[in-house]
file protein-v5.cif (mmCIF, C-alpha atoms and all ligand atoms)
data_coords
loop_
_atom_site.label_atom_id
_atom_site.label_comp_id
_atom_site.auth_asym_id
_atom_site.auth_seq_id
_atom_site.Cartn_x
_atom_site.Cartn_y
_atom_site.Cartn_z
CA MET R 173 41.46 25.40 -1.92
CA ALA R 174 40.27 27.61 0.94
CA LEU R 175 40.13 25.94 4.30
CA THR R 176 36.83 26.38 6.15
CA ASP R 177 35.94 26.18 9.77
CA SER R 178 34.26 22.80 10.45
CA SER R 179 31.18 24.56 11.83
CA THR R 180 30.58 26.40 8.54
CA ASN R 181 31.62 23.85 5.97
CA ALA R 182 28.35 21.92 5.79
CA ILE R 183 27.29 21.28 2.21
CA PRO R 184 24.30 23.58 1.58
CA VAL R 185 20.91 22.00 0.96
CA ALA R 186 18.93 23.18 -2.08
CA GLY R 187 16.24 25.70 -1.31
CA ARG R 188 13.47 23.59 -2.84
CA VAL R 189 13.81 21.04 -0.07
CA HIS R 190 12.44 23.59 2.37
CA ARG R 191 9.26 23.78 0.30
CA PHE R 192 8.94 19.98 0.17
CA SER R 193 7.11 18.11 2.89
CA TYR R 194 5.41 14.75 3.24
CA ALA R 195 3.78 14.67 6.65
CA ILE R 196 2.66 11.03 6.39
CA ARG R 197 6.26 9.89 6.79
CA ASN R 198 7.76 13.00 8.48
CA ILE R 199 5.68 12.38 11.61
CA VAL R 200 7.25 8.94 12.10
CA ALA R 201 10.34 10.56 13.67
CA GLU R 202 8.26 11.56 16.70
CA ALA R 203 6.63 8.11 16.82
CA ARG R 204 10.10 6.51 17.01
CA ARG R 205 10.94 8.72 20.01
CA VAL R 206 7.70 7.66 21.72
CA GLU R 207 8.59 4.02 21.01
CA ALA R 208 12.10 4.49 22.36
CA ALA R 209 10.52 5.76 25.57
CA GLY R 210 8.81 2.37 25.91
CA LYS R 211 5.33 2.93 24.51
CA THR R 212 3.75 0.71 21.85
CA VAL R 213 2.89 2.78 18.80
CA ARG R 214 -0.04 1.91 16.54
CA TYR R 215 0.86 3.24 13.14
CA LEU R 216 -2.36 4.55 11.61
CA ASN R 217 -0.40 6.94 9.39
CA ILE R 218 0.44 4.95 6.26
CA GLY R 219 -2.06 3.31 3.95
CA ASP R 220 -0.23 -0.01 3.60
CA PRO R 221 -2.59 -3.00 3.78
CA ILE R 222 0.35 -5.41 4.14
CA ALA R 223 1.35 -3.80 7.44
CA PHE R 224 -2.08 -4.79 8.79
CA GLY R 225 -2.00 -8.45 7.76
CA PHE R 226 -3.60 -8.33 4.31
CA ARG R 227 -1.72 -10.53 1.87
CA THR R 228 -0.67 -10.08 -1.75
CA PRO R 229 -2.64 -12.58 -3.91
CA PRO R 230 -0.44 -15.70 -4.23
CA ALA R 231 -1.01 -15.86 -8.00
CA LEU R 232 0.68 -12.48 -8.38
CA VAL R 233 3.61 -13.52 -6.21
CA ALA R 234 3.98 -16.69 -8.31
CA VAL R 235 4.12 -14.73 -11.56
CA VAL R 236 6.83 -12.37 -10.25
CA ASP R 237 8.78 -15.28 -8.80
CA ARG R 238 8.63 -17.09 -12.14
CA ALA R 239 9.69 -13.96 -14.04
CA MET R 240 12.79 -13.65 -11.87
CA ARG R 241 13.63 -17.34 -12.15
CA ASP R 242 13.14 -17.17 -15.91
CA GLY R 243 15.80 -14.49 -16.04
CA HIS R 244 13.67 -11.39 -16.64
CA ASN R 245 16.01 -9.35 -14.50
CA GLY R 246 17.43 -6.97 -17.07
CA TYR R 247 16.25 -3.51 -18.02
CA GLY R 248 12.96 -3.31 -19.86
CA PRO R 249 11.50 -0.78 -22.27
CA SER R 250 11.12 2.63 -20.59
CA GLU R 251 7.41 2.78 -21.40
CA GLY R 252 6.83 -0.69 -19.91
CA LEU R 253 6.53 -4.29 -21.08
CA ALA R 254 4.11 -4.80 -23.95
CA GLY R 255 2.06 -7.39 -22.03
CA ALA R 256 1.57 -5.02 -19.10
CA ARG R 257 0.67 -2.07 -21.34
CA ASP R 258 -1.83 -4.19 -23.25
CA ALA R 259 -3.43 -5.35 -20.00
CA VAL R 260 -3.79 -1.78 -18.67
CA ALA R 261 -5.20 -0.54 -21.99
CA ALA R 262 -7.69 -3.45 -22.07
CA GLU R 263 -8.73 -2.75 -18.48
CA TYR R 264 -9.46 0.94 -19.08
CA THR R 265 -11.18 0.23 -22.37
CA SER R 266 -13.41 -2.48 -20.88
CA ARG R 267 -14.49 0.03 -18.23
CA GLY R 268 -15.56 2.58 -20.83
CA PHE R 269 -12.40 4.70 -21.03
CA PRO R 270 -10.73 3.81 -24.34
CA VAL R 271 -6.93 3.88 -23.98
CA ALA R 272 -4.53 2.56 -26.63
CA PRO R 273 -1.58 0.44 -25.44
CA ASN R 274 0.86 3.03 -26.79
CA ARG R 275 -0.76 5.60 -24.46
CA VAL R 276 0.06 3.50 -21.37
CA PHE R 277 3.22 3.95 -19.32
CA ILE R 278 4.21 1.49 -16.60
CA THR R 279 5.76 3.37 -13.70
CA ALA R 280 7.23 2.99 -10.21
CA GLY R 281 3.80 3.18 -8.61
CA THR R 282 1.21 5.86 -9.11
CA SER R 283 3.76 8.14 -7.48
CA GLU R 284 6.17 8.10 -10.39
CA ALA R 285 3.30 8.48 -12.86
CA ILE R 286 2.22 11.64 -11.02
CA ASP R 287 5.76 12.97 -11.04
CA LEU R 288 6.28 12.27 -14.76
CA ALA R 289 2.93 13.77 -15.77
CA LEU R 290 3.42 16.96 -13.74
CA CYS R 291 6.98 17.32 -15.08
CA ALA R 292 5.69 16.97 -18.62
CA ILE R 293 2.82 19.44 -18.21
CA VAL R 294 3.72 22.16 -15.72
CA ASP R 295 6.41 24.81 -16.17
CA GLU R 296 8.08 26.71 -13.37
CA GLY R 297 5.53 29.30 -12.24
CA GLY R 298 2.64 27.21 -13.60
CA GLU R 299 -0.43 26.41 -11.53
CA VAL R 300 -2.30 23.20 -10.84
CA LEU R 301 -5.72 22.88 -9.20
CA VAL R 302 -5.39 20.51 -6.27
CA PRO R 303 -8.13 19.46 -3.84
CA MET R 304 -8.03 20.60 -0.24
CA PRO R 305 -7.36 18.38 1.62
CA THR R 306 -4.95 16.79 -0.85
CA TYR R 307 -2.73 13.77 -1.07
CA PRO R 308 0.59 15.52 -0.33
CA LEU R 309 2.64 14.15 -3.22
CA TYR R 310 1.00 16.66 -5.56
CA THR R 311 2.16 19.67 -3.58
CA ALA R 312 5.56 18.06 -2.97
CA VAL R 313 6.18 17.57 -6.71
CA LEU R 314 4.90 21.06 -7.52
CA ALA R 315 7.34 22.44 -4.95
CA LYS R 316 10.19 20.67 -6.74
CA LEU R 317 9.05 22.13 -10.05
CA GLY R 318 8.73 25.67 -8.71
CA ALA R 319 5.03 25.52 -9.64
CA ARG R 320 2.03 26.54 -7.54
CA PRO R 321 -0.91 24.53 -6.22
CA LEU R 322 -4.31 26.24 -6.27
CA PHE R 323 -6.35 24.57 -3.54
CA TYR R 324 -10.02 24.03 -4.31
CA ARG R 325 -12.28 23.34 -1.36
CA THR R 326 -13.95 20.03 -0.78
CA ASP R 327 -16.79 20.28 1.67
CA PRO R 328 -17.22 17.91 4.65
CA ALA R 329 -20.77 19.23 5.11
CA HIS R 330 -21.56 17.67 1.71
CA GLY R 331 -19.64 14.40 1.98
CA TRP R 332 -16.35 16.07 0.99
CA THR R 333 -17.71 17.06 -2.45
CA PRO R 334 -15.57 19.51 -4.46
CA ASP R 335 -16.87 23.09 -4.44
CA ILE R 336 -17.10 23.69 -8.18
CA ASP R 337 -17.73 27.44 -7.92
CA HIS R 338 -14.68 27.86 -5.73
CA LEU R 339 -12.64 25.75 -8.12
CA CYS R 340 -13.66 27.91 -11.12
CA SER R 341 -12.87 31.11 -9.22
CA LEU R 342 -9.23 30.01 -8.86
CA VAL R 343 -8.43 29.44 -12.53
CA THR R 344 -5.97 31.89 -14.16
CA PRO R 345 -4.20 31.90 -17.53
CA ALA R 346 -1.27 30.11 -15.82
CA THR R 347 -3.44 27.14 -14.73
CA ARG R 348 -2.48 23.93 -16.53
CA ALA R 349 -4.12 20.96 -14.85
CA LEU R 350 -6.90 19.85 -12.52
CA VAL R 351 -6.12 17.04 -10.07
CA VAL R 352 -9.12 14.86 -9.17
CA ILE R 353 -8.56 12.19 -6.50
CA ASP R 354 -11.60 9.95 -6.66
CA PRO R 355 -12.03 7.85 -4.56
CA ASN R 356 -10.23 10.20 -2.27
CA ASN R 357 -7.31 10.04 0.06
CA PRO R 358 -7.44 11.53 2.73
CA THR R 359 -11.24 11.93 3.00
CA GLY R 360 -12.54 8.47 2.02
CA ALA R 361 -15.09 10.11 -0.31
CA SER R 362 -16.13 8.95 -3.76
CA TYR R 363 -17.90 11.43 -5.99
CA SER R 364 -21.36 11.28 -7.57
CA ALA R 365 -21.76 11.12 -11.34
CA GLY R 366 -23.02 14.73 -11.23
CA THR R 367 -19.89 15.96 -9.47
CA ARG R 368 -17.68 14.00 -11.83
CA ARG R 369 -19.45 15.57 -14.85
CA ALA R 370 -19.06 19.03 -13.34
CA LEU R 371 -15.31 18.43 -12.93
CA LEU R 372 -15.05 17.30 -16.54
CA ASP R 373 -16.93 20.44 -17.63
CA VAL R 374 -14.45 22.65 -15.76
CA GLY R 375 -11.57 20.88 -17.51
CA GLU R 376 -13.20 21.46 -20.91
CA ARG R 377 -14.18 25.06 -20.23
CA TYR R 378 -10.68 26.14 -19.23
CA GLY R 379 -8.66 23.82 -21.48
CA LEU R 380 -7.07 21.95 -18.55
CA VAL R 381 -5.74 18.42 -18.53
CA ILE R 382 -7.46 16.36 -15.84
CA LEU R 383 -5.12 14.24 -13.75
CA ALA R 384 -7.43 11.53 -12.43
CA ASP R 385 -5.87 9.73 -9.47
CA GLU R 386 -7.84 6.48 -9.45
CA VAL R 387 -5.57 4.35 -7.27
CA TYR R 388 -8.59 3.49 -5.04
CA GLY R 389 -10.95 2.94 -8.00
CA ASP R 390 -11.45 -0.75 -7.21
CA LEU R 391 -12.00 -0.08 -3.52
CA GLY R 392 -15.43 1.58 -3.46
CA HIS R 393 -17.10 -0.12 -0.47
CA GLU R 394 -20.11 -0.97 -2.61
CA GLY R 395 -18.03 -2.08 -5.60
CA ALA R 396 -15.48 -0.75 -8.10
CA VAL R 397 -15.89 2.83 -9.30
CA VAL R 398 -15.76 3.48 -13.07
CA PRO R 399 -12.85 5.58 -14.38
CA LEU R 400 -13.60 9.28 -14.76
CA GLY R 401 -12.64 8.99 -18.44
CA SER R 402 -15.60 6.68 -19.07
CA LEU R 403 -17.92 9.68 -18.64
CA ASP R 404 -16.25 11.47 -21.55
CA PRO R 405 -13.68 9.42 -23.47
CA ASP R 406 -12.70 12.48 -25.53
CA ALA R 407 -11.82 14.66 -22.57
CA ALA R 408 -8.14 15.48 -21.97
CA ILE R 409 -7.63 12.97 -19.14
CA ILE R 410 -4.68 11.07 -17.75
CA SER R 411 -5.62 8.36 -15.26
CA PHE R 412 -3.23 6.94 -12.65
CA SER R 413 -3.40 3.67 -10.76
CA SER R 414 -1.20 0.86 -9.48
CA LEU R 415 -0.88 -2.58 -7.90
CA SER R 416 -0.34 -0.92 -4.50
CA LYS R 417 -3.82 -0.76 -3.02
CA ALA R 418 -6.41 -2.90 -4.77
CA TYR R 419 -3.86 -5.62 -5.64
CA LEU R 420 -2.13 -5.49 -2.25
CA ALA R 421 1.43 -5.09 -3.50
CA PRO R 422 2.58 -1.57 -2.51
CA GLY R 423 6.21 -2.61 -2.06
CA TRP R 424 6.49 -3.69 -5.67
CA ARG R 425 6.33 -0.06 -6.77
CA THR R 426 4.38 -0.94 -9.89
CA GLY R 427 1.80 1.38 -11.34
CA TRP R 428 0.71 2.99 -14.56
CA MET R 429 -0.88 5.88 -16.32
CA GLY R 430 -3.39 5.71 -19.13
CA ILE R 431 -3.53 8.73 -21.42
CA GLY R 432 -6.91 9.36 -23.06
CA ARG R 433 -7.38 9.35 -26.82
CA SER R 434 -7.83 13.13 -27.18
CA PRO R 435 -5.36 14.41 -29.81
CA ARG R 436 -4.84 17.37 -27.48
CA LEU R 437 -2.72 14.99 -25.39
CA ASP R 438 -0.44 13.79 -28.21
CA GLY R 439 2.37 16.20 -27.31
CA VAL R 440 2.08 15.38 -23.62
CA ALA R 441 2.23 11.64 -24.34
CA ALA R 442 5.42 12.15 -26.36
CA ALA R 443 6.90 14.33 -23.59
CA ILE R 444 6.15 11.72 -20.94
CA GLY R 445 7.84 9.10 -23.13
CA LYS R 446 10.92 11.31 -23.40
CA LEU R 447 11.09 11.83 -19.63
CA ALA R 448 10.48 8.12 -18.99
CA ASP R 449 13.57 7.28 -21.06
CA GLY R 450 15.70 9.14 -18.54
CA ARG R 451 14.78 6.85 -15.64
CA LEU R 452 15.30 3.74 -17.81
CA CYS R 453 12.32 1.60 -16.72
CA SER R 454 10.21 0.56 -13.76
CA THR R 455 10.87 -2.73 -11.92
CA VAL R 456 10.75 -5.42 -14.58
CA PRO R 457 9.78 -8.71 -12.82
CA MET R 458 6.83 -6.98 -11.14
CA GLN R 459 5.49 -5.80 -14.47
CA TYR R 460 4.69 -9.44 -15.24
CA ALA R 461 2.10 -9.28 -12.46
CA VAL R 462 0.12 -6.50 -14.15
CA LYS R 463 -1.41 -8.83 -16.72
CA GLU R 464 -2.18 -11.44 -14.08
CA ALA R 465 -3.72 -8.81 -11.78
CA LEU R 466 -5.93 -7.16 -14.37
CA GLY R 467 -6.72 -10.24 -16.44
CA GLY R 468 -6.88 -12.92 -13.71
CA ASP R 469 -8.86 -13.76 -10.61
CA ARG R 470 -9.86 -10.70 -8.59
CA SER R 471 -11.89 -12.43 -5.94
CA HIS R 472 -9.54 -11.10 -3.23
CA GLN R 473 -11.09 -7.69 -3.92
CA ASN R 474 -14.54 -8.83 -2.77
CA SER R 475 -13.27 -9.78 0.68
CA PHE R 476 -11.02 -6.72 0.85
CA ARG R 477 -13.91 -4.38 0.03
CA ALA R 478 -16.14 -6.10 2.61
CA ALA R 479 -13.40 -5.73 5.24
CA LEU R 480 -12.99 -2.04 4.40
CA LYS R 481 -16.72 -1.41 4.52
CA GLU R 482 -16.98 -2.93 8.00
CA ARG R 483 -13.93 -1.03 9.28
CA GLY R 484 -15.10 2.25 7.75
CA ALA R 485 -18.47 1.89 9.47
CA ILE R 486 -16.81 1.13 12.84
CA THR R 487 -14.58 4.17 12.34
CA ALA R 488 -17.41 6.61 11.60
CA ALA R 489 -19.66 5.25 14.38
CA SER R 490 -16.89 5.20 17.02
CA LEU R 491 -15.53 8.65 16.21
CA ASN R 492 -18.96 10.29 15.92
CA ALA R 493 -19.78 8.95 19.38
CA ILE R 494 -16.99 11.08 20.93
CA PRO R 495 -18.20 14.51 22.10
CA GLY R 496 -16.48 17.23 20.04
CA VAL R 497 -15.59 14.88 17.17
CA SER R 498 -17.37 14.50 13.82
CA CYS R 499 -16.50 12.20 10.96
CA VAL R 500 -17.97 11.88 7.46
CA ALA R 501 -18.53 8.15 6.88
CA PRO R 502 -16.04 6.94 4.26
CA THR R 503 -17.47 5.26 1.14
CA ALA R 504 -14.24 3.99 -0.43
CA GLY R 505 -10.66 3.08 0.40
CA PHE R 506 -9.26 2.96 3.92
CA TYR R 507 -9.06 6.52 5.17
CA ALA R 508 -11.33 8.82 7.13
CA MET R 509 -10.86 12.44 8.09
CA PRO R 510 -12.50 13.29 11.42
CA LYS R 511 -12.67 16.79 12.81
CA ILE R 512 -11.93 17.67 16.43
CA GLU R 513 -13.49 20.87 17.81
CA LEU R 514 -10.18 22.20 19.09
CA PRO R 515 -9.99 24.74 21.90
CA PRO R 516 -8.84 28.18 20.66
CA GLY R 517 -5.09 28.42 20.15
CA ARG R 518 -4.55 24.68 19.59
CA THR R 519 -3.61 23.16 16.22
CA ASP R 520 -4.26 19.80 14.62
CA GLU R 521 -0.57 18.97 15.08
CA ASP R 522 -0.77 19.77 18.81
CA TYR R 523 -3.66 17.31 19.12
CA VAL R 524 -2.03 14.57 17.04
CA LEU R 525 1.27 14.78 18.94
CA ALA R 526 -0.50 14.81 22.30
CA LEU R 527 -2.59 11.79 21.21
CA LEU R 528 0.55 9.97 20.13
CA ARG R 529 2.43 10.67 23.36
CA ALA R 530 -0.51 9.75 25.58
CA THR R 531 -1.90 6.68 23.77
CA GLY R 532 0.68 5.57 21.17
CA VAL R 533 -1.92 6.07 18.41
CA LEU R 534 -0.28 7.73 15.39
CA CYS R 535 -2.49 9.62 12.91
CA VAL R 536 -1.56 12.42 10.53
CA TYR R 537 -2.64 16.00 11.22
CA GLY R 538 -4.93 17.57 8.61
CA SER R 539 -2.47 20.37 7.90
CA GLY R 540 -0.19 17.66 6.43
CA PHE R 541 -2.87 17.51 3.72
CA ASN R 542 -3.07 21.31 3.50
CA MET R 543 -6.04 21.86 5.78
CA PRO R 544 -5.86 24.95 8.03
CA PRO R 545 -4.11 23.88 11.27
CA ALA R 546 -6.81 25.34 13.54
CA SER R 547 -9.63 23.52 11.73
CA GLY R 548 -8.85 20.37 13.72
CA PHE R 549 -8.83 17.65 11.05
CA LEU R 550 -6.74 14.51 11.13
CA ARG R 551 -6.49 11.45 8.93
CA VAL R 552 -7.06 7.96 10.22
CA VAL R 553 -6.05 4.77 8.36
CA PHE R 554 -8.63 2.11 9.27
CA LEU R 555 -6.89 -1.05 8.05
CA ALA R 556 -6.46 -2.56 11.53
CA SER R 557 -8.76 -5.43 12.54
CA PRO R 558 -12.23 -4.52 13.87
CA SER R 559 -11.29 -5.51 17.42
CA GLU R 560 -8.07 -3.51 17.29
CA LEU R 561 -9.92 -0.54 15.83
CA ARG R 562 -12.47 -0.66 18.65
CA ASP R 563 -9.64 -0.68 21.17
CA ILE R 564 -7.86 2.19 19.41
CA TYR R 565 -11.02 4.33 19.22
CA ALA R 566 -11.71 3.68 22.91
CA ARG R 567 -8.27 5.12 23.68
CA VAL R 568 -8.89 8.04 21.31
CA SER R 569 -12.22 8.65 23.04
CA ASP R 570 -10.75 8.70 26.57
CA PHE R 571 -7.90 10.92 25.48
CA THR R 572 -10.08 13.36 23.51
CA ARG R 573 -12.64 13.82 26.30
CA GLU R 574 -9.77 14.76 28.60
CA TYR R 575 -8.03 16.92 25.97
CA LEU R 576 -11.14 18.95 25.21
CA ARG R 577 -11.89 19.43 28.90
CA THR R 578 -8.57 21.21 29.54
C1 LIG R 601 -4.24 9.30 -3.72
C2 LIG R 601 -2.96 8.56 -3.84
N1 LIG R 601 -2.25 8.68 -4.96
C3 LIG R 601 -1.09 8.04 -5.11
C4 LIG R 601 -0.56 7.24 -4.13
C5 LIG R 601 0.75 6.56 -4.34
O1 LIG R 601 0.55 5.21 -4.53
P1 LIG R 601 1.61 4.25 -5.22
O2 LIG R 601 1.98 3.24 -4.20
O3 LIG R 601 0.85 3.64 -6.38
O4 LIG R 601 2.75 5.07 -5.68
C6 LIG R 601 -1.26 7.08 -2.94
C7 LIG R 601 -0.70 6.27 -1.83
O5 LIG R 601 -1.15 6.28 -0.72
C8 LIG R 601 -2.49 7.76 -2.79
O6 LIG R 601 -3.20 7.64 -1.67
#
call {"tool": "encode", "arguments": {"input": "protein-v5.cif", "output": "structure tokens"}}
result
Amino acid sequence: MALTDSSTNAIPVAGRVHRFSYAIRNIVAEARRVEAAGKTVRYLNIGDPIAFGFRTPPALVAVVDRAMRDGHNGYGPSEGLAGARDAVAAEYTSRGFPVAPNRVFITAGTSEAIDLALCAIVDEGGEVLVPMPTYPLYTAVLAKLGARPLFYRTDPAHGWTPDIDHLCSLVTPATRALVVIDPNNPTGASYSAGTRRALLDVGERYGLVILADEVYGDLGHEGAVVPLGSLDPDAAIISFSSLSKAYLAPGWRTGWMGIGRSPRLDGVAAAIGKLADGRLCSTVPMQYAVKEALGGDRSHQNSFRAALKERGAITAASLNAIPGVSCVAPTAGFYAMPKIELPPGRTDEDYVLALLRATGVLCVYGSGFNMPPASGFLRVVFLASPSELRDIYARVSDFTREYLRT
């Protein structure tokens, strides 16, 4: 074996890693440095309700605890436990989107469902329509697959509504799927029935599968949002959701996908099953909670939605009161995407890092969600308590006034 100089013998990293980024977590490295320098950091970067004091419903914890004590600690079926699949199918069907239990896969969160579906649908060189801004997992998975995102605009001047004409102008023969994130992360928008119909029409017109990310579906501030598939149960739709957000158990890594009844999706359903076999199964004890979550008491969602509504309103009002800042009021979930009128030559990342170093407040720059860096967007997670949020926005206000003056 050839001997190599220790400076050149590093094991090479695969090229695809350079195309892969996930700003929501990447930015934490800088926050740790700021903390090490003695500053308290307020982590408004990750949408984890547990980190802000919200609690997993005790009935769900009890079911998982019992499952483990009862010895359900072995592998399960790769597609998921029958009871969990039945519960997901019943949930979609009762909300107007008929899904058969054998078209449900239980996954390691919505994240794994997204990965499996994209792997099953998109070839190397294929294209997928993704909103701009987007939740970054879509672009990260497409980078791994050697596939290409086509970013369709969503418009803050119209409540972050997708620009349907722009979307249609992007479609090519290589386009395979249309990602719809509704309610949306990072913008906090939920779409009107008219917009949802227009998105379904685009899918039909171009023969695309719609990947409906509905992980915030139960967190509309005025009440749960119906699944996109309920507007056209025969459309080629795959819906994703999980226990992470609306059931307050993100660490359990338990989610699902529901594949619509369209026979056009039969091959895709079989392909997803084949891929799911390769990763054996998702966490088994936690799957017992799916039935309890979807079939049991959901009263925790009423108080959670009310808390989010109050915090979203504080966020929009506080940020809009800062000169040079505008923020579309969120209508669902726990994110907002304000815009800072940046001085020429500055980027969203410059602003976010300067904010972090000066105040300890950690947000994610909009370019981490594929917005242009000079457009000045950032994402705020508003799960902190109202009093803490007011304090945080006061710091953001003082900092931003100074930042925009220089
Ligand atoms: C739009 C969107 N999709 C998917 C996910 C992943 O969620 P899960 O914990 O279910 O994997 C998130 C998490 O923040 C999200 O915001």
call {"tool": "atom_distance", "arguments": {"input": "protein-v5.cif", "atom1": "CA of Gln459 (chain R)", "atom2": "CA of Asp242 (chain R)"}}
result
13.8 Å
call {"tool": "residues_near_ligand", "arguments": {"input": "protein-v5.cif", "ligand": "ligand LIG 601 (chain R)", "cutoff": "7 Å", "atoms": "all atoms listed in the file", "output": "list in words"}}
result
Gly219, Ala280, Gly281, Thr282, Ser283, Glu284, Tyr307, Ile353, Asn356, Asn357, Asp385, Val387, Ser413, Ser414, Leu415, Ser416, Pro422, Arg425, Thr426 and Gly427 of chain R
call {"tool": "atom_distance", "arguments": {"input": "protein-v5.cif", "atom1": "CA of Arg241 (chain R)", "atom2": "CA of Phe224 (chain R)"}}
result
29.0 Å
call {"tool": "closest_residue", "arguments": {"input": "protein-v5.cif", "among": "R:Tyr363, R:Ile293, R:Gly517, R:Val440", "to": "Arg348 (chain R)", "atoms": "all atoms listed in the file"}}
result
R:Ile293
call {"tool": "residues_near_point", "arguments": {"input": "protein-v5.cif", "point": "(-13.8, 26.3, -8.3)", "cutoff": "10 Å", "atoms": "all atoms listed in the file", "output": "JSON, numbers by chain"}}
result
{"R": [301, 303, 322, 323, 324, 325, 326, 334, 335, 336, 337, 338, 339, 340, 341, 342, 343, 371, 374]}
call {"tool": "residues_around", "arguments": {"input": "protein-v5.cif", "residues": "region 555-566 of chain R", "least_positions_apart": "2", "cutoff": "8 Å", "atoms": "only C-alpha atoms", "output": "ChimeraX atom specification"}}
result
/R:219,221,224,480,482-483,486-487,490-491,506,533,553,568-570
call {"tool": "residues_around", "arguments": {"input": "protein-v5.cif", "residues": "Ile410 (chain R)", "least_positions_apart": "2", "cutoff": "8 Å", "atoms": "only C-alpha atoms", "output": "number ranges by chain"}}
result
R: 381-384, 408, 412, 429-432
call {"tool": "atom_distance", "arguments": {"input": "protein-v5.cif", "atom1": "CA of Asn542 (chain R)", "atom2": "CA of Pro305 (chain R)"}}
result
5.5 Å
call {"tool": "closest_residue", "arguments": {"input": "protein-v5.cif", "among": "R:Leu528, R:Cys535, R:Val456, R:Ala234", "to": "Gly248 (chain R)", "atoms": "all atoms listed in the file"}}
result
R:Val456
call {"tool": "residues_near_point", "arguments": {"input": "protein-v5.cif", "point": "(0.3, 2.1, 9.9)", "cutoff": "12 Å", "atoms": "all atoms listed in the file", "output": "VMD selection string"}}
result
chain R and resid 196 to 197 199 to 200 203 213 to 225 506 to 507 532 to 536 551 to 556
call {"tool": "write_last_selection", "arguments": {"input": "protein-v5.cif", "atoms": "C-alpha atoms", "output": "PDB file, keeping the file's coordinate frame"}}
result
ATOM      1  CA  ILE R 196       2.660  11.030   6.390  1.00  0.00           C
ATOM      2  CA  ARG R 197       6.260   9.890   6.790  1.00  0.00           C
ATOM      3  CA  ILE R 199       5.680  12.380  11.610  1.00  0.00           C
ATOM      4  CA  VAL R 200       7.250   8.940  12.100  1.00  0.00           C
ATOM      5  CA  ALA R 203       6.630   8.110  16.820  1.00  0.00           C
ATOM      6  CA  VAL R 213       2.890   2.780  18.800  1.00  0.00           C
ATOM      7  CA  ARG R 214      -0.040   1.910  16.540  1.00  0.00           C
ATOM      8  CA  TYR R 215       0.860   3.240  13.140  1.00  0.00           C
ATOM      9  CA  LEU R 216      -2.360   4.550  11.610  1.00  0.00           C
ATOM     10  CA  ASN R 217      -0.400   6.940   9.390  1.00  0.00           C
ATOM     11  CA  ILE R 218       0.440   4.950   6.260  1.00  0.00           C
ATOM     12  CA  GLY R 219      -2.060   3.310   3.950  1.00  0.00           C
ATOM     13  CA  ASP R 220      -0.230  -0.010   3.600  1.00  0.00           C
ATOM     14  CA  PRO R 221      -2.590  -3.000   3.780  1.00  0.00           C
ATOM     15  CA  ILE R 222       0.350  -5.410   4.140  1.00  0.00           C
ATOM     16  CA  ALA R 223       1.350  -3.800   7.440  1.00  0.00           C
ATOM     17  CA  PHE R 224      -2.080  -4.790   8.790  1.00  0.00           C
ATOM     18  CA  GLY R 225      -2.000  -8.450   7.760  1.00  0.00           C
ATOM     19  CA  PHE R 506      -9.260   2.960   3.920  1.00  0.00           C
ATOM     20  CA  TYR R 507      -9.060   6.520   5.170  1.00  0.00           C
ATOM     21  CA  GLY R 532       0.680   5.570  21.170  1.00  0.00           C
ATOM     22  CA  VAL R 533      -1.920   6.070  18.410  1.00  0.00           C
ATOM     23  CA  LEU R 534      -0.280   7.730  15.390  1.00  0.00           C
ATOM     24  CA  CYS R 535      -2.490   9.620  12.910  1.00  0.00           C
ATOM     25  CA  VAL R 536      -1.560  12.420  10.530  1.00  0.00           C
ATOM     26  CA  ARG R 551      -6.490  11.450   8.930  1.00  0.00           C
ATOM     27  CA  VAL R 552      -7.060   7.960  10.220  1.00  0.00           C
ATOM     28  CA  VAL R 553      -6.050   4.770   8.360  1.00  0.00           C
ATOM     29  CA  PHE R 554      -8.630   2.110   9.270  1.00  0.00           C
ATOM     30  CA  LEU R 555      -6.890  -1.050   8.050  1.00  0.00           C
ATOM     31  CA  ALA R 556      -6.460  -2.560  11.530  1.00  0.00           C
TER      32      ALA R 556
END
call {"tool": "closest_residue", "arguments": {"input": "protein-v5.cif", "among": "R:Lys211, R:Lys446, R:Arg238, R:Arg436", "to": "Phe277 (chain R)", "atoms": "all atoms listed in the file"}}
result
R:Lys446
call {"tool": "residues_around", "arguments": {"input": "protein-v5.cif", "residues": "Leu550 (chain R)", "least_positions_apart": "3", "cutoff": "8 Å", "atoms": "only C-alpha atoms", "output": "JSON list (two decimals) with C-alpha atoms, keeping the file's coordinate frame"}}
result
[["chain", "number", "residue", "atom", "x", "y", "z"],
["R", 509, "MET", "CA", -10.86, 12.44, 8.09],
["R", 510, "PRO", "CA", -12.50, 13.29, 11.42],
["R", 511, "LYS", "CA", -12.67, 16.79, 12.81],
["R", 520, "ASP", "CA", -4.26, 19.80, 14.62],
["R", 524, "VAL", "CA", -2.03, 14.57, 17.04],
["R", 535, "CYS", "CA", -2.49, 9.62, 12.91],
["R", 536, "VAL", "CA", -1.56, 12.42, 10.53],
["R", 537, "TYR", "CA", -2.64, 16.00, 11.22],
["R", 538, "GLY", "CA", -4.93, 17.57, 8.61],
["R", 539, "SER", "CA", -2.47, 20.37, 7.90]]
call {"tool": "residues_around", "arguments": {"input": "protein-v5.cif", "residues": "Ala312 (chain R)", "least_positions_apart": "5", "cutoff": "12 Å", "atoms": "all atoms listed in the file", "output": "ChimeraX atom specification"}}
result
/R:188-195,283,286-287,290,302,306-307,317-321,540-542
call {"tool": "closest_residue", "arguments": {"input": "protein-v5.cif", "among": "R:His472, R:Leu576, R:Gly298, R:Gly401", "to": "Pro516 (chain R)", "atoms": "all atoms listed in the file"}}
result
R:Leu576
